[in-house]
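The data block below is coords_14.cif; it holds mmCIF, C-alpha atoms and all ligand atoms.
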```
data_model
loop_
_atom_site.label_atom_id
_atom_site.label_comp_id
_atom_site.auth_asym_id
_atom_site.auth_seq_id
_atom_site.Cartn_x
_atom_site.Cartn_y
_atom_site.Cartn_z
CA MET Q 1 -24.90 1.24 1.59
CA THR Q 2 -24.63 -2.49 2.28
CA PRO Q 3 -21.50 -4.06 3.73
CA GLY Q 4 -21.22 -6.16 0.59
CA PHE Q 5 -21.21 -3.10 -1.60
CA THR Q 6 -18.64 -1.49 0.67
CA ARG Q 7 -16.36 -4.49 0.29
CA THR Q 8 -16.74 -4.44 -3.48
CA LEU Q 9 -15.99 -0.74 -3.57
CA CYS Q 10 -13.00 -1.20 -1.30
CA ALA Q 11 -11.61 -4.01 -3.44
CA ALA Q 12 -12.01 -1.93 -6.59
CA VAL Q 13 -10.29 1.05 -5.03
CA ALA Q 14 -7.55 -1.21 -3.68
CA ALA Q 15 -6.86 -2.53 -7.14
CA ALA Q 16 -6.83 1.03 -8.41
CA THR Q 17 -4.35 2.01 -5.71
CA VAL Q 18 -1.75 -0.48 -6.84
CA TRP Q 19 -2.48 0.17 -10.48
CA THR Q 20 -2.07 3.88 -9.89
CA ALA Q 21 1.28 3.34 -8.25
CA ALA Q 22 2.49 1.17 -11.10
CA ALA Q 23 1.07 3.54 -13.67
CA LYS Q 24 2.77 6.50 -12.08
CA ALA Q 25 6.08 4.70 -12.32
CA ALA Q 26 5.47 3.76 -15.93
CA GLU Q 27 4.02 7.06 -17.03
CA CYS Q 28 6.41 9.46 -15.42
CA PRO Q 29 6.46 12.54 -17.63
CA ARG Q 30 10.13 13.18 -16.97
CA LYS Q 31 12.16 10.87 -19.12
CA ASP Q 32 15.25 10.65 -16.94
CA ALA Q 33 13.43 10.44 -13.60
CA LEU Q 34 14.34 7.80 -11.03
CA GLY Q 35 10.78 6.39 -11.00
CA THR Q 36 9.27 3.67 -8.84
CA SER Q 37 10.36 0.28 -10.13
CA ARG Q 38 7.82 -2.04 -8.51
CA VAL Q 39 5.17 -2.45 -5.84
CA LEU Q 40 5.87 -4.89 -3.01
CA ARG Q 41 2.87 -6.19 -1.07
CA VAL Q 42 3.76 -6.66 2.58
CA ASP Q 43 1.81 -9.33 4.45
CA ALA Q 44 1.91 -9.23 8.24
CA ALA Q 45 1.36 -12.99 8.31
CA THR Q 46 4.71 -13.62 6.64
CA SER Q 47 6.48 -10.34 7.49
CA PRO Q 48 5.32 -9.38 10.99
CA ARG Q 49 8.55 -7.51 11.80
CA VAL Q 50 11.06 -6.17 9.30
CA GLY Q 51 14.23 -4.08 9.42
CA LEU Q 52 17.69 -5.33 10.30
CA LYS Q 53 18.44 -2.58 12.80
CA SER Q 54 15.85 -4.14 15.12
CA PHE Q 55 14.99 -7.59 13.82
CA PRO Q 56 16.74 -10.60 12.24
CA GLN Q 57 14.71 -10.31 9.03
CA THR Q 58 13.77 -7.61 6.55
CA LEU Q 59 11.80 -7.17 3.34
CA PRO Q 60 12.69 -9.40 0.37
CA LEU Q 61 14.57 -6.75 -1.60
CA GLN Q 62 16.95 -7.43 -4.47
CA ASP Q 63 20.41 -5.95 -4.74
CA ARG Q 64 20.19 -2.16 -5.19
CA GLU Q 65 16.53 -2.00 -4.26
CA VAL Q 66 15.51 0.53 -1.63
CA VAL Q 67 12.31 1.43 0.21
CA LEU Q 68 12.07 5.09 1.24
CA THR Q 69 10.35 5.79 4.57
CA PHE Q 70 9.75 9.13 6.28
CA ASP Q 71 8.88 9.42 9.97
CA ASP Q 72 7.41 12.01 12.33
CA GLY Q 73 5.30 14.05 9.91
CA PRO Q 74 3.33 15.52 8.50
CA TRP Q 75 4.85 18.92 8.98
CA PRO Q 76 3.73 21.80 6.73
CA GLY Q 77 7.13 23.49 6.93
CA THR Q 78 9.00 20.71 5.15
CA THR Q 79 6.73 17.84 4.08
CA PRO Q 80 5.54 19.69 0.92
CA GLN Q 81 9.19 20.11 -0.09
CA VAL Q 82 9.73 16.37 0.38
CA LEU Q 83 6.60 15.60 -1.66
CA ALA Q 84 7.80 17.89 -4.46
CA ALA Q 85 11.19 16.15 -4.59
CA LEU Q 86 9.52 12.73 -4.72
CA ALA Q 87 7.07 13.88 -7.40
CA ARG Q 88 9.84 15.30 -9.56
CA GLU Q 89 11.46 11.86 -9.63
CA CYS Q 90 8.13 9.96 -9.80
CA VAL Q 91 9.00 8.13 -6.60
CA LEU Q 92 6.52 6.69 -4.10
CA ALA Q 93 7.43 6.44 -0.42
CA THR Q 94 5.93 5.51 2.95
CA PHE Q 95 5.17 8.07 5.66
CA PHE Q 96 4.96 6.86 9.27
CA MET Q 97 2.90 9.64 10.80
CA ILE Q 98 2.51 10.91 14.33
CA GLY Q 99 -1.19 10.95 15.22
CA ARG Q 100 -1.27 14.40 16.75
CA SER Q 101 0.46 15.85 13.68
CA ALA Q 102 -2.04 14.08 11.44
CA SER Q 103 -4.84 15.59 13.51
CA ALA Q 104 -3.33 19.04 13.19
CA TYR Q 105 -2.77 18.81 9.42
CA PRO Q 106 -5.38 16.40 8.02
CA GLU Q 107 -5.32 17.99 4.56
CA LEU Q 108 -1.64 17.24 4.30
CA VAL Q 109 -2.31 13.62 5.31
CA ARG Q 110 -4.91 13.32 2.56
CA ARG Q 111 -2.63 14.96 0.04
CA ILE Q 112 0.14 12.45 0.79
CA ALA Q 113 -2.29 9.56 0.33
CA ALA Q 114 -3.80 11.08 -2.81
CA LEU Q 115 -0.34 11.25 -4.36
CA GLY Q 116 -0.14 7.47 -4.00
CA HIS Q 117 2.25 7.28 -1.06
CA THR Q 118 1.64 4.75 1.71
CA VAL Q 119 0.55 6.13 5.08
CA GLY Q 120 1.84 4.18 8.09
CA HIS Q 121 1.57 4.81 11.82
CA HIS Q 122 3.97 6.04 14.49
CA THR Q 123 1.88 6.47 17.71
CA TRP Q 124 -0.10 9.51 18.84
CA SER Q 125 2.54 11.50 20.77
CA HIS Q 126 5.87 9.87 19.88
CA PRO Q 127 6.63 8.53 23.38
CA ASN Q 128 9.25 5.99 24.33
CA ILE Q 129 6.96 2.98 24.71
CA LYS Q 130 9.54 1.11 26.74
CA TYR Q 131 9.17 3.51 29.66
CA MET Q 132 5.37 3.61 29.69
CA LYS Q 133 2.88 1.60 31.67
CA PRO Q 134 1.44 -1.13 29.41
CA ASP Q 135 -2.07 0.36 29.25
CA ALA Q 136 -0.75 3.82 28.47
CA ALA Q 137 1.50 2.44 25.73
CA VAL Q 138 -1.39 0.67 24.02
CA ALA Q 139 -3.58 3.75 24.41
CA ASP Q 140 -1.01 5.98 22.71
CA ILE Q 141 -0.54 3.51 19.86
CA ASP Q 142 -4.32 3.20 19.35
CA LYS Q 143 -4.91 6.93 19.57
CA GLY Q 144 -2.30 7.34 16.84
CA PHE Q 145 -4.07 4.83 14.60
CA ALA Q 146 -7.40 6.55 15.16
CA ALA Q 147 -6.04 10.03 14.45
CA VAL Q 148 -4.48 9.07 11.11
CA GLU Q 149 -7.56 7.07 10.14
CA LYS Q 150 -9.76 10.04 10.96
CA ALA Q 151 -7.58 12.41 8.96
CA LEU Q 152 -7.74 10.04 5.99
CA HIS Q 153 -11.29 8.77 6.16
CA GLY Q 154 -13.25 10.87 8.64
CA THR Q 155 -15.82 11.37 5.94
CA VAL Q 156 -15.94 9.54 2.67
CA THR Q 157 -17.55 11.27 -0.24
CA THR Q 158 -19.01 8.82 -2.70
CA THR Q 159 -18.89 9.29 -6.45
CA GLN Q 160 -22.44 10.59 -6.15
CA GLY Q 161 -21.15 13.27 -3.83
CA ILE Q 162 -22.89 11.82 -0.81
CA GLY Q 163 -20.94 12.24 2.41
CA ILE Q 164 -21.08 9.20 4.66
CA ALA Q 165 -19.48 8.50 7.99
CA THR Q 166 -16.76 5.91 7.71
CA PRO Q 167 -17.28 2.86 9.91
CA GLY Q 168 -14.47 1.49 11.97
CA ILE Q 169 -12.42 4.66 12.38
CA ALA Q 170 -11.33 3.57 15.82
CA SER Q 171 -10.68 0.02 14.70
CA ALA Q 172 -7.77 -1.70 16.39
CA THR Q 173 -6.35 -2.49 12.96
CA PRO Q 174 -5.83 0.53 10.70
CA THR Q 175 -6.55 0.31 6.98
CA THR Q 176 -2.83 0.34 6.30
CA PRO Q 177 -1.47 -2.00 9.00
CA PHE Q 178 2.07 -0.64 9.05
CA PHE Q 179 3.56 0.60 12.34
CA ARG Q 180 6.93 1.90 13.47
CA TYR Q 181 7.93 2.45 17.11
CA PRO Q 182 9.35 5.84 18.08
CA TYR Q 183 13.09 5.46 18.73
CA PHE Q 184 12.66 1.77 17.76
CA GLU Q 185 11.97 1.19 21.46
CA MET Q 186 9.49 -1.65 21.89
CA THR Q 187 8.08 -4.05 24.43
CA PRO Q 188 7.25 -7.75 24.05
CA ALA Q 189 3.63 -7.10 25.06
CA THR Q 190 2.99 -4.46 22.39
CA LEU Q 191 4.87 -6.49 19.78
CA ASP Q 192 2.58 -9.44 20.49
CA LEU Q 193 -0.48 -7.22 20.39
CA LEU Q 194 0.45 -5.74 17.00
CA GLN Q 195 1.25 -9.15 15.58
CA ASN Q 196 -2.08 -10.53 16.79
CA ARG Q 197 -3.84 -7.66 15.04
CA GLY Q 198 -2.06 -8.35 11.75
CA ILE Q 199 0.05 -5.19 11.83
CA THR Q 200 3.57 -5.26 10.41
CA VAL Q 201 6.16 -3.56 12.60
CA PHE Q 202 8.80 -1.70 10.61
CA GLY Q 203 12.31 -1.18 11.79
CA ALA Q 204 14.85 0.07 9.24
CA ASP Q 205 17.89 -1.34 7.47
CA LEU Q 206 19.80 1.92 7.37
CA TRP Q 207 19.31 5.58 8.17
CA ALA Q 208 20.72 9.02 7.58
CA SER Q 209 21.02 9.88 11.30
CA ASP Q 210 19.08 12.99 10.34
CA TRP Q 211 18.07 13.58 13.96
CA GLU Q 212 21.64 14.85 14.34
CA PRO Q 213 22.11 18.42 13.09
CA MET Q 214 24.28 18.45 10.00
CA LYS Q 215 24.54 20.16 6.64
CA PRO Q 216 22.57 18.55 3.80
CA ALA Q 217 25.83 17.76 2.00
CA GLN Q 218 27.20 15.97 5.08
CA GLN Q 219 23.99 14.02 5.43
CA LEU Q 220 24.08 13.02 1.77
CA LYS Q 221 27.65 11.77 2.14
CA LEU Q 222 26.82 9.79 5.26
CA LEU Q 223 23.73 8.22 3.77
CA THR Q 224 25.29 7.30 0.43
CA GLU Q 225 28.30 5.74 2.17
CA ARG Q 226 25.97 3.64 4.31
CA LEU Q 227 23.95 2.63 1.28
CA GLN Q 228 27.09 1.62 -0.60
CA ALA Q 229 27.89 -0.72 2.30
CA ALA Q 230 24.36 -2.11 2.70
CA ARG Q 231 23.59 -2.12 -1.09
CA LYS Q 232 19.83 -2.22 -0.44
CA GLY Q 233 17.22 -1.85 2.27
CA ILE Q 234 14.54 0.10 4.08
CA ILE Q 235 15.88 3.64 4.51
CA LEU Q 236 14.70 5.80 7.41
CA LEU Q 237 14.43 9.57 6.91
CA HIS Q 238 12.42 12.29 8.67
CA ASP Q 239 10.28 14.61 6.56
CA PRO Q 240 10.02 17.29 9.29
CA LYS Q 241 13.80 17.79 9.10
CA ALA Q 242 14.81 20.73 6.92
CA GLN Q 243 18.24 19.22 6.24
CA THR Q 244 16.57 16.06 4.92
CA ALA Q 245 14.15 17.98 2.71
CA ALA Q 246 17.10 19.95 1.35
CA MET Q 247 19.18 16.83 0.74
CA LEU Q 248 16.48 14.70 -0.85
CA PRO Q 249 16.70 15.91 -4.49
CA ALA Q 250 20.42 15.14 -4.59
CA PHE Q 251 19.90 11.77 -2.89
CA LEU Q 252 17.25 10.74 -5.42
CA ARG Q 253 19.60 11.76 -8.24
CA TYR Q 254 22.32 9.70 -6.59
CA LEU Q 255 20.02 6.66 -6.55
CA ARG Q 256 19.23 7.10 -10.21
CA ASP Q 257 22.82 7.70 -11.29
CA ASN Q 258 24.06 4.66 -9.40
CA GLY Q 259 21.54 2.10 -10.57
CA TYR Q 260 19.35 1.87 -7.46
CA ARG Q 261 15.65 1.13 -7.82
CA VAL Q 262 12.85 2.33 -5.56
CA VAL Q 263 10.30 -0.22 -4.34
CA HIS Q 264 6.90 1.01 -3.13
CA ILE Q 265 5.38 -0.99 -0.26
CA VAL Q 266 1.63 -1.51 0.18
CA PRO Q 267 -0.38 -3.84 2.45
CA ALA Q 268 -0.90 -7.33 1.09
CA ALA Q 269 -4.57 -7.52 1.98
CA ALA Q 270 -6.52 -5.80 -0.77
CA ALA Q 271 -9.03 -4.32 1.61
CA SER Q 272 -6.26 -2.75 3.64
CA THR Q 273 -5.35 -0.28 0.91
CA ALA Q 274 -8.96 0.35 0.03
CA ARG Q 275 -9.45 3.79 1.39
CA ALA Q 276 -5.92 5.10 1.00
CA VAL Q 277 -6.67 7.04 -2.14
CA GLN Q 278 -10.24 8.04 -1.49
CA ASN Q 279 -11.38 11.53 -0.78
CA PRO Q 280 -8.21 13.39 -1.78
CA LYS Q 281 -9.86 16.74 -1.10
ZN ZN R 301 9.88 9.05 15.13
#
```
Kindly present the structure from the file in structure tokens form.
Amino acid sequence: MTPGFTRTLCAAVAAATVWTAAAKAAECPRKDALGTSRVLRVDAATSPRVGLKSFPQTLPLQDREVVLTFDDGPWPGTTPQVLAALARECVLATFFMIGRSASAYPELVRRIAALGHTVGHHTWSHPNIKYMKPDAAVADIDKGFAAVEKALHGTVTTTQGIGIATPGIASATPTTPFFRYPYFEMTPATLDLLQNRGITVFGADLWASDWEPMKPAQQLKLLTERLQAARKGIILLHDPKAQTAAMLPAFLRYLRDNGYRVVHIVPAAAASTARAVQNPK
């Protein structure tokens, strides 16, 4: 296969990715579902760092628009429950995955991508980057990229059923150039490195504090109160948390009943989304 053909194929699949997301929102079989209202392309050139908890700027969201993000998965105990809740409401989200979890559960990674969700990156081992030696920090970030890329694209099966090795698995820039630091702890050197590679760093605008043990009902109350105050934003949740998986259906209903709209984020560069929906098996 020539590089030119690969690029054409990637561009076609990229277009299909966005179309699929939009189509899913428009063609939701459940009439009163929350749905996904629009797709927002995020360009690292203009949005290198977003999320008001860490940075002065965030995504260009309208009043009552939210972006749903889930960190620290995939985890077979709870991620399928989260996916089912999202599917029931025809909602697309972004999953910032830990590389070693992606390596352990590659089928779950591919399932998330095949459903149309965006797959972002969250290091290999979830360390606190701030307390690491610079080389070790970069190594953990890169190993995380490579693990998720391998889970997604280790082998690409063409429409002719021919299995081919995917080039660039260990590329410094993953196909979806979205990254979030564990604990939002970052260093100037790694921030510069990610920016130079064209990778958007995601903070968050609000969160459910779901790392604290609490009942799903308490978490729902906390999160909805925070959302009422913020009115919009990038919301941080954790799909490996049972309390979050249990709360999610009620939270999505809350969004629908209160006029919130879900925005699905994808990379701006067409080629970046190219392989996100391939090889769902
Ligand atoms: Zn995390």
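The shell of residues at most 7 Å from stretch 136-148 of chain Q, with all atoms listed in the file counted and near chain neighbours (fewer than 3 positions) removed, consists of Ile98, Gly99, Arg100, Ala102, Ser103, His121, His122, Thr123, Trp124, Ser125, Ile129, Met132, Lys133, Ala151, Leu152, Ile169, Ala170, Ala172, Pro174 and Thr190 of chain Q.
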Cut-off 9 Å, all atoms listed in the file, neighbours of ligand ZN 301 (chain R) as a compact mmCIF listing (two decimals) with C-alpha atoms, keeping the file's coordinate frame:
```txt
# COMPACT_ATOMS: atom_id res chain seq x y z
CA PHE Q 70 9.75 9.13 6.28
CA ASP Q 71 8.88 9.42 9.97
CA ASP Q 72 7.41 12.01 12.33
CA GLY Q 73 5.30 14.05 9.91
CA PHE Q 96 4.96 6.86 9.27
CA MET Q 97 2.90 9.64 10.80
CA ILE Q 98 2.51 10.91 14.33
CA HIS Q 122 3.97 6.04 14.49
CA THR Q 123 1.88 6.47 17.71
CA HIS Q 126 5.87 9.87 19.88
CA PRO Q 127 6.63 8.53 23.38
CA ARG Q 180 6.93 1.90 13.47
CA TYR Q 181 7.93 2.45 17.11
CA PRO Q 182 9.35 5.84 18.08
CA TYR Q 183 13.09 5.46 18.73
CA PHE Q 184 12.66 1.77 17.76
CA HIS Q 238 12.42 12.29 8.67
```
Distance in Å - atom CA of Q:Ala114 versus atom CA of Q:Ala84: 13.6 Å
Computed interatomic separation between atom CA of Q:Leu194 and atom CA of Q:Ala45 (Å): 11.4 Å
Computed interatomic separation between atom CA of Q:Gly51 and atom CA of Q:His153 (Å):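 If I compute the distance from atom CA of Q:Gly51 to atom CA of Q:His153, I get 28.8 Å.
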10 Å contact set for Q:Cys28, all atoms listed in the file, chain neighbours under 4 positions out, as a PyMOL selection string: chain Q and resi 23-24+32-36+87-91
Pick from Q:Ala85, Q:Val39, Q:Ala208, Q:Leu223 nearest to Q:Leu252, counting all atoms listed in the file: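 Between Q:Ala85, Q:Val39, Q:Ala208, Q:Leu223, the residue approaching Q:Leu252 most closely is Q:Ala85.
Closest approach to Q:Ile112 from the set Q:Glu65, Q:Asp239, Q:Gly154, Q:Leu220 is made by Q:Asp239, with distances taken over only C-alpha atoms.
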All residues 12 Å or closer to Q:Gln228, all atoms listed in the file, same chain fewer than 2 positions away omitted, as JSON, numbers by chain: {"Q": [63, 64, 65, 66, 206, 221, 222, 223, 224, 225, 226, 230, 231, 232, 233, 254, 255, 258, 259, 260]}
Which residue of Q:Phe251, Q:Trp75, Q:Phe95, Q:Tyr131 approaches Q:Phe179 most closely, using only C-alpha atoms: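 Result for the nearest residue to Q:Phe179: Q:Phe95.
The nearest approach to Q:Leu52 among the residues Q:Met247, Q:Thr118, Q:Ala268, Q:Ile235, with all atoms listed in the file taken into account, belongs to Q:Ile235.
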Which of Q:Trp207, Q:Ala269, Q:Lys215, Q:Arg30 sits closest to Q:Leu68 [using only C-alpha atoms]: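 For Q:Leu68, the nearest of the given residues is Q:Trp207.
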Given only C-alpha atoms as the counted atoms, nearest of Q:Pro267, Q:Pro188, Q:Gly203, Q:Gly198 to Q:Lys130: Q:Pro188
Residues near Q:Pro56, cut-off 12 Å, all atoms listed in the file, skip fewer than 6 positions along chain, as an MDAnalysis selection string: chainID Q and resid 47:50 203:205
